[in-house]
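Data block for final.cif (mmCIF, C-alpha atoms):
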data_my_file
#
loop_
_atom_site.group_PDB
_atom_site.id
_atom_site.type_symbol
_atom_site.label_atom_id
_atom_site.label_comp_id
_atom_site.auth_asym_id
_atom_site.auth_seq_id
_atom_site.Cartn_x
_atom_site.Cartn_y
_atom_site.Cartn_z
ATOM 1 C CA MET A 391 -4.400 29.475 -7.442
ATOM 2 C CA LEU A 392 -7.364 28.217 -9.404
ATOM 3 C CA GLY A 393 -6.938 27.241 -13.023
ATOM 4 C CA ARG A 394 -6.774 30.021 -15.569
ATOM 5 C CA GLU A 395 -9.891 28.885 -17.368
ATOM 6 C CA TYR A 396 -11.707 29.075 -14.124
ATOM 7 C CA ASP A 397 -14.749 31.293 -14.043
ATOM 8 C CA GLN A 398 -13.890 33.923 -11.464
ATOM 9 C CA VAL A 399 -17.070 35.930 -11.845
ATOM 10 C CA CYS A 400 -18.758 34.156 -8.965
ATOM 11 C CA SER A 401 -19.045 35.277 -5.375
ATOM 12 C CA ILE A 402 -18.883 31.695 -4.131
ATOM 13 C CA ALA A 403 -15.621 31.098 -5.996
ATOM 14 C CA ARG A 404 -14.189 34.385 -4.735
ATOM 15 C CA THR A 405 -15.168 33.493 -1.204
ATOM 16 C CA LEU A 406 -13.549 30.082 -1.429
ATOM 17 C CA GLU A 407 -10.402 31.707 -2.800
ATOM 18 C CA VAL A 408 -10.191 33.463 0.560
ATOM 19 C CA LEU A 409 -11.593 30.736 2.806
ATOM 20 C CA GLY A 410 -11.390 27.600 0.772
ATOM 21 C CA GLU A 411 -9.363 25.413 2.947
ATOM 22 C CA ARG A 412 -10.599 23.549 5.931
ATOM 23 C CA TRP A 413 -8.148 24.913 8.492
ATOM 24 C CA THR A 414 -9.068 28.473 7.647
ATOM 25 C CA LEU A 415 -12.726 27.946 8.461
ATOM 26 C CA LEU A 416 -11.872 26.015 11.615
ATOM 27 C CA ILE A 417 -9.583 28.825 12.801
ATOM 28 C CA ILE A 418 -12.409 31.296 12.206
ATOM 29 C CA ARG A 419 -14.747 28.987 14.128
ATOM 30 C CA ASP A 420 -12.303 28.948 17.042
ATOM 31 C CA VAL A 421 -12.141 32.736 17.167
ATOM 32 C CA PHE A 422 -15.960 32.850 17.070
ATOM 33 C CA ASN A 423 -15.751 30.551 20.100
ATOM 34 C CA ARG A 424 -13.385 33.016 21.807
ATOM 35 C CA ARG A 425 -10.212 31.090 21.406
ATOM 36 C CA ARG A 426 -8.170 34.199 20.677
ATOM 37 C CA ARG A 427 -4.587 33.170 21.341
ATOM 38 C CA PHE A 428 -2.193 31.254 19.148
ATOM 39 C CA GLU A 429 -1.611 28.596 21.812
ATOM 40 C CA GLN A 430 -5.324 28.030 22.382
ATOM 41 C CA ILE A 431 -6.060 27.569 18.708
ATOM 42 C CA GLN A 432 -2.968 25.456 18.133
ATOM 43 C CA GLU A 433 -3.824 23.166 21.014
ATOM 44 C CA ASN A 434 -7.475 22.876 20.040
ATOM 45 C CA LEU A 435 -6.856 22.073 16.397
ATOM 46 C CA GLY A 436 -3.610 20.127 16.676
ATOM 47 C CA ILE A 437 -2.439 22.075 13.628
ATOM 48 C CA ALA A 438 1.261 22.474 12.810
ATOM 49 C CA ARG A 439 2.588 25.750 14.226
ATOM 50 C CA ASN A 440 3.978 26.999 10.922
ATOM 51 C CA VAL A 441 0.676 26.296 9.176
ATOM 52 C CA LEU A 442 -1.272 28.149 11.861
ATOM 53 C CA THR A 443 1.133 31.109 11.677
ATOM 54 C CA ALA A 444 0.638 31.328 7.914
ATOM 55 C CA ARG A 445 -3.159 31.017 8.102
ATOM 56 C CA LEU A 446 -3.469 33.657 10.814
ATOM 57 C CA ALA A 447 -1.301 36.067 8.835
ATOM 58 C CA TRP A 448 -3.452 35.435 5.765
ATOM 59 C CA LEU A 449 -6.678 36.102 7.688
ATOM 60 C CA VAL A 450 -5.232 39.345 9.070
ATOM 61 C CA GLU A 451 -4.137 40.376 5.574
ATOM 62 C CA GLN A 452 -7.664 39.657 4.314
ATOM 63 C CA GLU A 453 -9.054 41.807 7.138
ATOM 64 C CA ILE A 454 -11.106 38.939 8.534
ATOM 65 C CA LEU A 455 -9.124 38.896 11.795
ATOM 66 C CA GLU A 456 -7.284 41.670 13.567
ATOM 67 C CA LYS A 457 -4.402 41.319 16.019
ATOM 68 C CA ARG A 458 -4.422 43.139 19.321
ATOM 69 C CA ARG A 459 -1.451 43.124 21.658
ATOM 70 C CA TYR A 460 -2.244 41.969 25.186
ATOM 71 C CA ARG A 461 1.290 41.856 26.589
ATOM 72 C CA GLU A 462 4.235 44.128 25.952
ATOM 73 C CA ARG A 463 7.305 42.101 26.879
ATOM 74 C CA PRO A 464 7.486 39.698 25.239
ATOM 75 C CA PRO A 465 4.856 40.938 22.776
ATOM 76 C CA ARG A 466 1.804 38.668 22.704
ATOM 77 C CA PHE A 467 -1.318 39.034 20.588
ATOM 78 C CA GLU A 468 -4.945 38.031 20.548
ATOM 79 C CA TYR A 469 -7.055 37.681 17.431
ATOM 80 C CA PHE A 470 -10.485 39.249 17.019
ATOM 81 C CA LEU A 471 -12.981 39.084 14.195
ATOM 82 C CA THR A 472 -13.396 42.289 12.214
ATOM 83 C CA GLU A 473 -16.830 43.270 10.908
ATOM 84 C CA LYS A 474 -15.956 41.427 7.697
ATOM 85 C CA GLY A 475 -15.093 38.386 9.813
ATOM 86 C CA LEU A 476 -18.245 38.659 11.933
ATOM 87 C CA ASP A 477 -20.207 38.693 8.687
ATOM 88 C CA LEU A 478 -19.136 35.055 8.272
ATOM 89 C CA TRP A 479 -21.537 34.090 11.040
ATOM 90 C CA PRO A 480 -24.227 32.995 8.532
ATOM 91 C CA VAL A 481 -21.670 30.678 6.896
ATOM 92 C CA MET A 482 -20.814 29.169 10.284
ATOM 93 C CA VAL A 483 -24.505 28.734 11.173
ATOM 94 C CA SER A 484 -25.327 27.056 7.873
ATOM 95 C CA LEU A 485 -22.342 24.667 8.134
ATOM 96 C CA LEU A 486 -23.305 23.872 11.719
ATOM 97 C CA HIS A 487 -26.917 23.082 10.909
ATOM 98 C CA TRP A 488 -26.026 20.888 7.951
ATOM 99 C CA GLY A 489 -23.608 18.932 10.113
ATOM 100 C CA ASP A 490 -26.173 18.645 12.909
ATOM 101 C CA ARG A 491 -28.694 17.296 10.458
ATOM 102 C CA HIS A 492 -26.569 14.912 8.448
ATOM 103 C CA LEU A 493 -23.415 14.093 10.387
ATOM 104 C CA ALA A 494 -24.126 14.340 14.106
ATOM 105 C CA ALA A 495 -23.423 11.190 16.066
ATOM 106 C CA GLY A 496 -26.000 9.731 18.443
ATOM 107 C CA GLY A 497 -27.337 12.111 21.025
ATOM 108 C CA GLY A 498 -28.003 15.100 18.783
ATOM 109 C CA PRO A 499 -26.193 18.386 18.255
ATOM 110 C CA PRO A 500 -23.098 18.968 20.409
ATOM 111 C CA ILE A 501 -23.890 22.675 20.652
ATOM 112 C CA VAL A 502 -26.970 24.792 20.146
ATOM 113 C CA ILE A 503 -27.093 28.460 19.274
ATOM 114 C CA ARG A 504 -29.449 30.473 21.476
ATOM 115 C CA HIS A 505 -30.943 33.935 21.408
ATOM 116 C CA LYS A 506 -29.251 35.779 24.296
ATOM 117 C CA GLU A 507 -32.328 37.741 25.245
ATOM 118 C CA CYS A 508 -35.000 35.037 25.463
ATOM 119 C CA GLY A 509 -32.925 31.847 25.443
ATOM 120 C CA GLY A 510 -34.734 30.365 22.435
ATOM 121 C CA PRO A 511 -32.903 28.109 19.977
ATOM 122 C CA VAL A 512 -31.793 29.728 16.727
ATOM 123 C CA ASP A 513 -32.752 28.112 13.442
ATOM 124 C CA ASP A 514 -30.724 27.902 10.248
ATOM 125 C CA ARG A 515 -32.088 31.261 9.053
ATOM 126 C CA ARG A 516 -30.730 32.838 12.270
ATOM 127 C CA ILE A 517 -34.266 33.374 13.511
ATOM 128 C CA CYS A 518 -35.142 32.717 17.143
ATOM 129 C CA GLU A 519 -37.568 29.802 17.285
ATOM 130 C CA ARG A 520 -39.076 31.121 20.493
ATOM 131 C CA CYS A 521 -39.675 34.842 19.862
ATOM 132 C CA GLY A 522 -39.219 35.113 16.094
ATOM 133 C CA ALA A 523 -36.471 37.771 16.203
ATOM 134 C CA HIS A 524 -34.096 37.941 13.232
ATOM 135 C CA LEU A 525 -30.733 37.750 14.932
ATOM 136 C CA GLY A 526 -27.323 39.213 14.312
ATOM 137 C CA VAL A 527 -24.170 37.597 15.609
ATOM 138 C CA ARG A 528 -24.034 39.785 18.725
ATOM 139 C CA GLU A 529 -27.500 38.686 19.807
ATOM 140 C CA ALA A 530 -26.687 34.987 19.894
ATOM 141 C CA THR A 531 -24.741 32.753 22.215
ATOM 142 C CA VAL A 532 -23.685 29.135 22.250
ATOM 143 C CA ASP A 533 -24.822 26.500 24.717
ATOM 144 C CA ASP A 534 -24.103 22.797 25.156
ATOM 145 C CA GLY A 535 -26.517 20.641 23.216
ATOM 146 C CA PRO A 536 -27.830 17.134 23.907
ATOM 147 C CA GLY A 537 -24.844 15.637 22.049
ATOM 148 C CA ALA A 538 -22.212 17.425 24.144
ATOM 149 C CA PRO A 539 -19.740 14.828 25.438
ATOM 150 C CA PRO A 540 -19.557 14.272 29.207
ATOM 151 C CA GLU A 541 -15.917 15.361 29.342
ATOM 152 C CA TRP A 542 -16.852 18.924 28.374
ATOM 153 C CA LEU A 543 -16.805 21.169 31.394
ATOM 154 C CA PRO A 544 -19.986 23.111 32.129
ATOM 155 C CA ARG A 545 -20.073 26.448 30.351
ATOM 156 C CA ALA A 546 -20.094 29.636 32.363
ATOM 157 C CA ALA A 547 -23.676 30.908 32.575
ATOM 158 C CA MET B 157 -7.242 13.352 8.123
ATOM 159 C CA LEU B 158 -7.340 15.880 10.913
ATOM 160 C CA GLY B 159 -4.915 15.609 13.795
ATOM 161 C CA ARG B 160 -5.738 13.084 16.474
ATOM 162 C CA GLU B 161 -5.975 15.724 19.166
ATOM 163 C CA TYR B 162 -8.541 17.476 17.084
ATOM 164 C CA ASP B 163 -11.902 17.992 18.731
ATOM 165 C CA GLN B 164 -14.277 16.036 16.531
ATOM 166 C CA VAL B 165 -17.390 16.784 18.525
ATOM 167 C CA CYS B 166 -18.363 19.723 16.346
ATOM 168 C CA SER B 167 -20.802 19.781 13.469
ATOM 169 C CA ILE B 168 -18.751 22.419 11.643
ATOM 170 C CA ALA B 169 -15.638 20.245 11.844
ATOM 171 C CA ARG B 170 -17.567 17.188 10.719
ATOM 172 C CA THR B 171 -19.010 19.121 7.807
ATOM 173 C CA LEU B 172 -15.604 20.350 6.724
ATOM 174 C CA GLU B 173 -14.291 16.791 6.919
ATOM 175 C CA VAL B 174 -16.774 16.038 4.154
ATOM 176 C CA LEU B 175 -16.661 19.324 2.259
ATOM 177 C CA GLY B 176 -13.525 21.029 3.438
ATOM 178 C CA GLU B 177 -11.740 21.551 0.252
ATOM 179 C CA ARG B 178 -12.453 24.242 -2.260
ATOM 180 C CA TRP B 179 -13.011 22.064 -5.295
ATOM 181 C CA THR B 180 -15.633 20.040 -3.517
ATOM 182 C CA LEU B 181 -17.785 23.075 -2.815
ATOM 183 C CA LEU B 182 -17.276 24.399 -6.345
ATOM 184 C CA ILE B 183 -18.351 21.069 -7.838
ATOM 185 C CA ILE B 184 -21.479 21.179 -5.683
ATOM 186 C CA ARG B 185 -22.077 24.756 -6.838
ATOM 187 C CA ASP B 186 -21.813 23.631 -10.456
ATOM 188 C CA VAL B 187 -24.376 20.876 -9.943
ATOM 189 C CA PHE B 188 -26.695 23.407 -8.258
ATOM 190 C CA ASN B 189 -26.238 25.427 -11.460
ATOM 191 C CA ARG B 190 -27.257 22.379 -13.524
ATOM 192 C CA ARG B 191 -23.873 21.474 -14.840
ATOM 193 C CA ARG B 192 -24.490 17.760 -14.466
ATOM 194 C CA ARG B 193 -21.943 16.126 -16.743
ATOM 195 C CA PHE B 194 -18.286 15.419 -16.127
ATOM 196 C CA GLU B 195 -17.219 17.373 -19.222
ATOM 197 C CA GLN B 196 -19.276 20.433 -18.294
ATOM 198 C CA ILE B 197 -17.866 20.594 -14.791
ATOM 199 C CA GLN B 198 -14.340 19.856 -15.951
ATOM 200 C CA GLU B 199 -14.457 22.579 -18.574
ATOM 201 C CA ASN B 200 -16.022 25.108 -16.239
ATOM 202 C CA LEU B 201 -13.578 24.594 -13.377
ATOM 203 C CA GLY B 202 -10.429 23.784 -15.335
ATOM 204 C CA ILE B 203 -9.806 21.046 -12.758
ATOM 205 C CA ALA B 204 -7.562 18.065 -13.520
ATOM 206 C CA ARG B 205 -9.610 15.110 -14.727
ATOM 207 C CA ASN B 206 -8.268 12.681 -12.144
ATOM 208 C CA VAL B 207 -9.005 15.139 -9.339
ATOM 209 C CA LEU B 208 -12.555 15.655 -10.595
ATOM 210 C CA THR B 209 -13.100 11.896 -10.903
ATOM 211 C CA ALA B 210 -11.973 11.409 -7.312
ATOM 212 C CA ARG B 211 -14.077 14.271 -5.948
ATOM 213 C CA LEU B 212 -17.221 13.121 -7.749
ATOM 214 C CA ALA B 213 -16.751 9.578 -6.451
ATOM 215 C CA TRP B 214 -16.316 10.962 -2.935
ATOM 216 C CA LEU B 215 -19.494 13.040 -3.191
ATOM 217 C CA VAL B 216 -21.442 10.016 -4.436
ATOM 218 C CA GLU B 217 -20.032 7.922 -1.583
ATOM 219 C CA GLN B 218 -21.113 10.624 0.879
ATOM 220 C CA GLU B 219 -24.594 10.571 -0.675
ATOM 221 C CA ILE B 220 -24.422 14.245 -1.580
ATOM 222 C CA LEU B 221 -24.588 13.494 -5.309
ATOM 223 C CA GLU B 222 -26.146 10.599 -7.146
ATOM 224 C CA LYS B 223 -25.221 9.308 -10.583
ATOM 225 C CA ARG B 224 -27.868 8.637 -13.198
ATOM 226 C CA ARG B 225 -27.069 7.023 -16.536
ATOM 227 C CA TYR B 226 -28.188 9.027 -19.546
ATOM 228 C CA ARG B 227 -26.602 6.904 -22.273
ATOM 229 C CA GLU B 228 -26.159 3.151 -22.528
ATOM 230 C CA ARG B 229 -23.332 2.596 -25.025
ATOM 231 C CA PRO B 230 -20.867 3.907 -24.059
ATOM 232 C CA PRO B 231 -22.253 4.414 -20.551
ATOM 233 C CA ARG B 232 -22.483 8.093 -19.595
ATOM 234 C CA PHE B 233 -23.703 9.619 -16.364
ATOM 235 C CA GLU B 234 -25.170 12.809 -15.015
ATOM 236 C CA TYR B 235 -24.876 13.950 -11.415
ATOM 237 C CA PHE B 236 -27.816 15.124 -9.340
ATOM 238 C CA LEU B 237 -28.008 16.460 -5.811
ATOM 239 C CA THR B 238 -29.621 14.125 -3.289
ATOM 240 C CA GLU B 239 -31.793 15.564 -0.526
ATOM 241 C CA LYS B 240 -28.654 15.676 1.628
ATOM 242 C CA GLY B 241 -26.945 17.618 -1.149
ATOM 243 C CA LEU B 242 -29.883 19.977 -1.667
ATOM 244 C CA ASP B 243 -29.710 20.711 2.051
ATOM 245 C CA LEU B 244 -26.401 22.460 1.308
ATOM 246 C CA TRP B 245 -28.316 25.293 -0.322
ATOM 247 C CA PRO B 246 -28.119 27.461 2.824
ATOM 248 C CA VAL B 247 -24.321 27.024 2.803
ATOM 249 C CA MET B 248 -24.195 28.125 -0.849
ATOM 250 C CA VAL B 249 -26.449 31.117 -0.176
ATOM 251 C CA SER B 250 -24.403 32.265 2.808
ATOM 252 C CA LEU B 251 -21.103 31.942 0.902
ATOM 253 C CA LEU B 252 -22.618 33.818 -2.037
ATOM 254 C CA HIS B 253 -23.887 36.715 0.059
ATOM 255 C CA TRP B 254 -20.597 37.098 1.921
ATOM 256 C CA GLY B 255 -18.734 37.206 -1.376
ATOM 257 C CA ASP B 256 -21.213 39.671 -2.835
ATOM 258 C CA ARG B 257 -20.760 41.912 0.156
ATOM 259 C CA HIS B 258 -17.026 41.757 0.628
ATOM 260 C CA LEU B 259 -15.394 40.514 -2.551
ATOM 261 C CA ALA B 260 -17.533 41.508 -5.530
ATOM 262 C CA ALA B 261 -15.770 43.579 -8.133
ATOM 263 C CA GLY B 262 -17.283 46.799 -9.427
ATOM 264 C CA GLY B 263 -20.794 46.512 -10.754
ATOM 265 C CA GLY B 264 -22.313 44.490 -7.944
ATOM 266 C CA PRO B 265 -23.273 40.838 -7.621
ATOM 267 C CA PRO B 266 -22.762 38.672 -10.733
ATOM 268 C CA ILE B 267 -25.877 36.671 -9.948
ATOM 269 C CA VAL B 268 -28.952 37.204 -7.840
ATOM 270 C CA ILE B 269 -31.185 34.554 -6.334
ATOM 271 C CA ARG B 270 -34.875 35.165 -6.949
ATOM 272 C CA HIS B 271 -38.117 33.758 -5.641
ATOM 273 C CA LYS B 272 -39.611 31.822 -8.577
ATOM 274 C CA GLU B 273 -43.184 32.727 -7.780
ATOM 275 C CA CYS B 274 -42.965 36.511 -7.342
ATOM 276 C CA GLY B 275 -39.533 37.317 -8.761
ATOM 277 C CA GLY B 276 -38.319 39.061 -5.617
ATOM 278 C CA PRO B 277 -34.667 38.931 -4.596
ATOM 279 C CA VAL B 278 -33.761 36.436 -1.861
ATOM 280 C CA ASP B 279 -31.841 37.651 1.165
ATOM 281 C CA ASP B 280 -29.158 35.826 3.125
ATOM 282 C CA ARG B 281 -31.786 34.207 5.362
ATOM 283 C CA ARG B 282 -33.405 32.740 2.216
ATOM 284 C CA ILE B 283 -36.398 35.002 2.691
ATOM 285 C CA CYS B 284 -37.978 36.727 -0.298
ATOM 286 C CA GLU B 285 -37.468 40.463 0.045
ATOM 287 C CA ARG B 286 -40.610 41.145 -1.936
ATOM 288 C CA CYS B 287 -43.254 38.845 -0.460
ATOM 289 C CA GLY B 288 -41.587 37.672 2.746
ATOM 290 C CA ALA B 289 -41.843 33.944 1.999
ATOM 291 C CA HIS B 290 -39.319 31.654 3.687
ATOM 292 C CA LEU B 291 -37.909 29.768 0.735
ATOM 293 C CA GLY B 292 -36.641 26.278 0.148
ATOM 294 C CA VAL B 293 -34.202 25.465 -2.627
ATOM 295 C CA ARG B 294 -36.950 24.390 -5.051
ATOM 296 C CA GLU B 295 -38.705 27.755 -4.782
ATOM 297 C CA ALA B 296 -35.706 29.789 -5.888
ATOM 298 C CA THR B 297 -33.981 30.446 -9.175
ATOM 299 C CA VAL B 298 -30.880 32.273 -10.301
ATOM 300 C CA ASP B 299 -30.760 35.353 -12.494
ATOM 301 C CA ASP B 300 -27.975 37.541 -13.843
ATOM 302 C CA GLY B 301 -27.099 40.375 -11.500
ATOM 303 C CA PRO B 302 -25.733 43.865 -12.218
ATOM 304 C CA GLY B 303 -22.156 42.528 -12.088
ATOM 305 C CA ALA B 304 -22.712 39.819 -14.710
ATOM 306 C CA PRO B 305 -20.017 40.131 -17.376
ATOM 307 C CA PRO B 306 -21.108 41.057 -20.908
ATOM 308 C CA GLU B 307 -19.772 37.779 -22.334
ATOM 309 C CA TRP B 308 -22.355 35.768 -20.417
ATOM 310 C CA LEU B 309 -25.131 34.635 -22.672
ATOM 311 C CA PRO B 310 -28.661 35.610 -21.664
ATOM 312 C CA ARG B 311 -30.252 33.013 -19.424
ATOM 313 C CA ALA B 312 -33.309 31.137 -20.533
ATOM 314 C CA ALA B 313 -36.335 32.766 -18.921
#
Could you show the structure in this file as structure tokens?
Amino acid sequence: MLGREYDQVCSIARTLEVLGERWTLLIIRDVFNRRRRFEQIQENLGIARNVLTARLAWLVEQEILEKRRYRERPPRFEYFLTEKGLDLWPVMVSLLHWGDRHLAAGGGPPIVIRHKECGGPVDDRRICERCGAHLGVREATVDDGPGAPPEWLPRAA
Amino acid sequence: MLGREYDQVCSIARTLEVLGERWTLLIIRDVFNRRRRFEQIQENLGIARNVLTARLAWLVEQEILEKRRYRERPPRFEYFLTEKGLDLWPVMVSLLHWGDRHLAAGGGPPIVIRHKECGGPVDDRRICERCGAHLGVREATVDDGPGAPPEWLPRAA
């Protein structure tokens, strides 16, 4: 899709060939946030249904998401991140921190990432600011931040 | 540009509102790699001139790039990253490492990021693997990796 003269020998360019469109990264964000069903993602993003169908199929083809059936008749699916998809966590964290720093509205970050074990906030190197652990995606969780809007319901503990 | 129902209270979504288009991130990558002039970026990306003009103006408006004049008659400009733009380095590093890991062709990463001071490779937390320093963008440099194509000219040391 990029121009022929385009220098393809670049891992950033290759990555953006796969991900380089805003909806794709927002869909991945939603699955990270456990919105696993078509209707949940569609409602959250307000994305056209045909566009979402195409993007989900693309992400499955790229082995970033996998489909699992949760109902037989009619067949219904949920989407999960594969290991390749979970490896995008550093990309999500770095986008989140940049936005927190430069684009957050008054009140501070809407969400904060926390180390599950000790509850400390996680910095933009994915290091726990409280205990110093270098974290993987499975060791972190998301909590409301000071900029969370009042209409958000409390998160389950 | 996103749908009205779209949940805007998210620093990832806000970031992608600014950056969420492949060319934008590739232009930023080029400026990180010291391609500072319109012609250099245009030639490297093979992007249409009117598209590049619009994207550069947008990035200046967003205070990610700044223009500096390097010739008076006719006026010619170079583009530099602002502090806000330099803060995108973690995003670049995380995209690069994901691509290296999941999309690199045979031969390994085309480029490697190194700690200027000790020459050690930099991991995806921006930590030097040799000396353990936590690096900022000004402490790192880029070197050819094992997957660099033979047609690349040697980099200046």
Practice problem: Could you check which of B:Asp280, B:Glu234, B:Glu195, B:Glu273 is closest to chain A, using all atoms listed in the file? | Solution: B:Asp280
At most 7 Å is the cut-off: for each residue in chain B with any atom that close to an atom of chain A, write down the nearest atom pair and the distance in Å rounded to one decimal, counting only C-alpha atoms, chain first then increasing number, as CSV.
residue,atom,partner,partner_atom,distance
B:Gly159,CA,A:Gly436,CA,5.5
B:Glu161,CA,A:Gly436,CA,5.6
B:Tyr162,CA,A:Leu435,CA,4.9
B:Asp163,CA,A:Asn434,CA,6.7
B:Val165,CA,A:Pro500,CA,6.4
B:Cys166,CA,A:Pro500,CA,6.3
B:Ser167,CA,A:Gly489,CA,4.5
B:Ile168,CA,A:Leu486,CA,4.8
B:Ala169,CA,A:Leu416,CA,6.9
B:Arg170,CA,A:Gly489,CA,6.3
B:Thr171,CA,A:Gly489,CA,5.1
B:Leu172,CA,A:Arg412,CA,6.0
B:Gly176,CA,A:Arg412,CA,4.6
B:Glu177,CA,A:Glu411,CA,5.3
B:Arg178,CA,A:Gly410,CA,4.6
B:Leu182,CA,A:Ala403,CA,6.9
B:Asn200,CA,A:Tyr396,CA,6.2
B:Leu201,CA,A:Tyr396,CA,4.9
B:Gly202,CA,A:Gly393,CA,5.4
B:Ile203,CA,A:Gly393,CA,6.8
B:Asp243,CA,A:Trp488,CA,7.0
B:Leu244,CA,A:Trp488,CA,6.8
B:Pro246,CA,A:Ser484,CA,5.8
B:Val247,CA,A:Ser484,CA,5.2
B:Ser250,CA,A:Val481,CA,5.2
B:Leu251,CA,A:Ile402,CA,5.5
B:Leu252,CA,A:Ile402,CA,4.8
B:Trp254,CA,A:Leu478,CA,6.8
B:Gly255,CA,A:Ser401,CA,4.5
B:Asp256,CA,A:Ser401,CA,5.5
B:Leu259,CA,A:Arg404,CA,6.6
B:Ala260,CA,A:Ser401,CA,6.4
B:Pro266,CA,A:Cys400,CA,6.3
B:Arg281,CA,A:Arg515,CA,4.7
Practice problem: List every protein, DNA or RNA residue that has an atom no more than 9 Å from (-37.4, 36.2, -3.5) in the file's coordinate frame, counting only C-alpha atoms, and report them as a list in words. | Solution: Ile269, Arg270, His271, Lys272, Glu273, Cys274, Gly275, Gly276, Pro277, Val278, Asp279, Arg282, Ile283, Cys284, Glu285, Arg286, Cys287, Gly288, Ala289, His290, Leu291, Glu295, Ala296 and Thr297 of chain B
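One distance worth recording is that between CA of Glu453 in chain A and CA of Arg426 in chain A, which is 15.6 Å.
Between CA of Glu239 in chain B and CA of Ile220 in chain B lies a distance of 7.6 Å.
Within 9 Å of Ile417 in chain A, once all atoms listed in the file are used and residues closer than 4 positions along the same chain are dropped, the contacting residues are Arg412, Trp413, Val421, Phe422, Arg425, Ile431, Leu435, Leu442, Arg445 and Leu446 of chain A.
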Quick one: 5 Å padding each side, axis-aligned, all listed atoms of range 457-462 of chain A - centre and edge lengths in Å to one decimal, as lines of an AutoDock Vina configuration file?
center_x = -0.1
center_y = 42.7
center_z = 21.3
size_x = 18.7
size_y = 12.8
size_z = 20.6
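Taking CA of Leu449 in chain A and CA of Phe428 in chain A as endpoints, the distance between them is 13.2 Å.
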